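Let me begin by presenting the structure, written as structure tokens, before commenting on it.
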Amino acid sequence: MGKLIHTQQCLKRLLIFAPCRQNRVVARMSSSESKLPPLFSLGKLNHVAIAVPDMEKSVKFYEEVLNASCSPIEQQPNHGVSTVFIHVGGDTKVELITPLGENSPIKSFLEKNQSGGLHHICIDVDDIEKAVEQLGEHKVRTLTKTTKIGAHGKPVIFLHPNDCNGVLLELQQK
Ligand code: CO
């Protein structure tokens with residue numbers, strides 16, 4: 001009888017400790033993983049992009065009401081948008097985007113947000129290819145498989161909002 005109780009206690013102890021031991025192993029693994037040197041680092045906020053249904057009207061608002069200095073409207077056929085950059089001091093810009101062509105990637109966004117809305121933010125990175133590699137290892141999804149040349153003539157990649165706290169995040173090569 002005593003032996004049986006002893007065995008039961010041993011089993012109970014095993015059941016209690018086995019998961020803990022596993023957790024400790026997992027915790028050790030992740031802390032050693034986080035000690036790996038980072039492949040890239042984030043730089044400054046490059047721009048904040050606002051999707052607008054009527055570019056002319058929005059430019060007028062920024063120029064005449066907010067006294068902002070706006071770039072000319074530029075078509076970006078590779079991205080299915082037209083853009084205007086607004087200088088707001090320093091290097092950071094506000095980017096207005098409006099659909100260009102039938103298959104614009106922001107068409108459905110504007111259907112849901114008819115008066116426009118905050119669409120994405122863009123942060124500089126020092127090495128975008130390494131960033132893509134490291135994000136892949138962390139299972140962060142990107143909207144395209146590889147980088148594309150963005151509105152500033154530099155490689156960019158968009159990260160899936162569901163993997164970035166609900167925000168569409170664009171990374172741009174510094
Ligand atoms: Co952008």
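Identifiers in the structure tokens: chain A, B, ... in order shown; residue index from 1 per chain; ligand index from 1 in order shown.
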
Nearby polymer residues, ligand 1, at most 7 Å, only C-alpha atoms and all ligand atoms, as a ChimeraX atom specification: /A:47,49,95,120-122,170

Who sits within 10 Å of segment 141-143 of chain A, only C-alpha atoms, same chain under 5 positions skipped, as a PyMOL selection string: chain A and resi 132+135-136+157-164+168-170

File dump, residues just selected, N, CA and C atoms, as a compact mmCIF listing (two decimals), in the first residue's frame:
```
# COMPACT_ATOMS: atom_id res chain seq x y z
N VAL A 132 14.01 41.43 -44.49
CA VAL A 132 13.07 40.45 -45.05
C VAL A 132 13.43 39.05 -44.56
N LEU A 135 12.52 38.79 -40.79
CA LEU A 135 11.07 38.78 -40.57
C LEU A 135 10.49 37.43 -40.97
N GLY A 136 11.04 36.84 -42.04
CA GLY A 136 10.61 35.51 -42.47
C GLY A 136 10.87 34.48 -41.38
N ILE A 157 9.21 47.11 -48.78
CA ILE A 157 8.38 45.91 -48.59
C ILE A 157 7.29 46.25 -47.58
N PHE A 158 6.10 45.69 -47.82
CA PHE A 158 4.98 45.92 -46.90
C PHE A 158 4.78 44.67 -46.04
N LEU A 159 4.59 44.87 -44.73
CA LEU A 159 4.38 43.75 -43.80
C LEU A 159 2.89 43.63 -43.51
N HIS A 160 2.43 42.41 -43.40
CA HIS A 160 0.99 42.15 -43.22
C HIS A 160 0.48 42.79 -41.93
N PRO A 161 -0.61 43.58 -42.01
CA PRO A 161 -1.11 44.24 -40.79
C PRO A 161 -1.48 43.28 -39.67
N ASN A 162 -1.93 42.07 -40.02
CA ASN A 162 -2.32 41.13 -38.96
C ASN A 162 -1.11 40.64 -38.15
N ASP A 163 0.09 40.83 -38.70
CA ASP A 163 1.30 40.45 -37.96
C ASP A 163 1.96 41.67 -37.32
N CYS A 164 1.37 42.86 -37.48
CA CYS A 164 1.98 44.10 -36.98
C CYS A 164 0.97 44.95 -36.23
N LEU A 168 -0.55 48.49 -41.27
CA LEU A 168 0.22 48.16 -42.46
C LEU A 168 1.55 48.90 -42.36
N LEU A 169 2.62 48.13 -42.28
CA LEU A 169 3.94 48.70 -42.04
C LEU A 169 4.79 48.53 -43.29
N GLU A 170 5.31 49.66 -43.79
CA GLU A 170 6.20 49.62 -44.95
C GLU A 170 7.62 49.84 -44.45
```

Alpha helix (DSSP H) positions in segment 13-171 of chain A, given as a PyMOL selection string: chain A and resi 13-34+55-60+107-112+128-137

Surrounding residues of segment 145-149 of chain A excluding itself and chain neighbours under 3 positions, 10 Å, only C-alpha atoms, as a count of residues only: 17

Pick out the residues sitting within 8 Å of Gly116 of chain A, and hand them over as a compact mmCIF listing (two decimals) with N, CA and C atoms, in the first residue's frame; count only C-alpha atoms, and ignore anything fewer than 3 positions along from it in its own chain.
```txt
# COMPACT_ATOMS: atom_id res chain seq x y z
N ILE A 50 -1.68 58.61 -46.15
CA ILE A 50 -3.12 58.78 -45.98
C ILE A 50 -3.78 58.53 -47.34
N ALA A 51 -4.71 57.59 -47.38
CA ALA A 51 -5.43 57.32 -48.63
C ALA A 51 -6.54 58.35 -48.75
N VAL A 52 -6.66 58.96 -49.95
CA VAL A 52 -7.68 60.00 -50.15
C VAL A 52 -8.49 59.68 -51.41
N PRO A 53 -9.80 59.99 -51.38
CA PRO A 53 -10.63 59.68 -52.56
C PRO A 53 -10.47 60.72 -53.67
N LEU A 110 -10.52 52.32 -49.68
CA LEU A 110 -11.34 53.54 -49.81
C LEU A 110 -12.83 53.22 -49.88
N ASN A 113 -13.45 53.09 -46.29
CA ASN A 113 -13.19 54.38 -45.63
C ASN A 113 -13.42 55.48 -46.67
```

Pro77 of chain A surroundings by only C-alpha atoms, 12 Å radius, close-in-sequence under 6 positions cut, as a list in words: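 Here the qualifying residues turn out to be Thr83, Thr98, Pro99, Leu100, Gly101, Glu102, Asn103, Ser104, Pro105, Ile149, Gly150 and Ala151 of chain A.
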
Now that the selection is made, can you save its residues with C-alpha atoms as a PDB file, in the first residue's frame?
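File written: out_13.pdb
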```pdb
ATOM      1  CA  THR A  83       1.152  60.173 -54.733  1.00  0.00           C
ATOM      2  CA  THR A  98      -5.151  57.865 -54.315  1.00  0.00           C
ATOM      3  CA  PRO A  99      -6.060  54.911 -56.587  1.00  0.00           C
ATOM      4  CA  LEU A 100      -4.525  54.713 -60.069  1.00  0.00           C
ATOM      5  CA  GLY A 101      -6.060  52.207 -62.499  1.00  0.00           C
ATOM      6  CA  GLU A 102      -8.703  49.528 -61.973  1.00  0.00           C
ATOM      7  CA  ASN A 103      -6.655  47.145 -59.816  1.00  0.00           C
ATOM      8  CA  SER A 104      -5.353  49.648 -57.318  1.00  0.00           C
ATOM      9  CA  PRO A 105      -4.409  47.964 -54.010  1.00  0.00           C
ATOM     10  CA  ILE A 149      11.106  49.853 -55.896  1.00  0.00           C
ATOM     11  CA  GLY A 150       8.897  52.348 -54.055  1.00  0.00           C
ATOM     12  CA  ALA A 151       7.782  55.919 -54.715  1.00  0.00           C
TER      13      ALA A 151
END
```

Atomic separation - atom CA of Lys93 of chain A relative to atom CA of Val81 of chain A, Å: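 If I compute the distance from atom CA of Val81 of chain A to atom CA of Lys93 of chain A, I get 16.9 Å.
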
So that I can see what lies close to Val94 of chain A, please list as a CSV table (one decimal) with C-alpha atoms, in the first residue's frame the residues with an atom at most 9 Å from it, counting only C-alpha atoms and leaving out residues fewer than 2 positions away in the same chain.
```csv
chain,number,residue,atom,x,y,z
A,46,ASN,CA,10.0,58.0,-43.3
A,47,HIS,CA,6.4,58.8,-44.0
A,48,VAL,CA,2.8,58.4,-42.9
A,49,ALA,CA,0.5,57.6,-45.8
A,50,ILE,CA,-3.1,58.8,-46.0
A,84,VAL,CA,1.8,63.6,-53.3
A,85,PHE,CA,4.4,64.2,-50.6
A,86,ILE,CA,3.8,66.9,-48.1
A,87,HIS,CA,6.7,68.5,-46.2
A,88,VAL,CA,6.0,68.7,-42.5
A,92,THR,CA,9.5,62.8,-42.3
A,96,LEU,CA,-1.2,61.3,-49.9
```
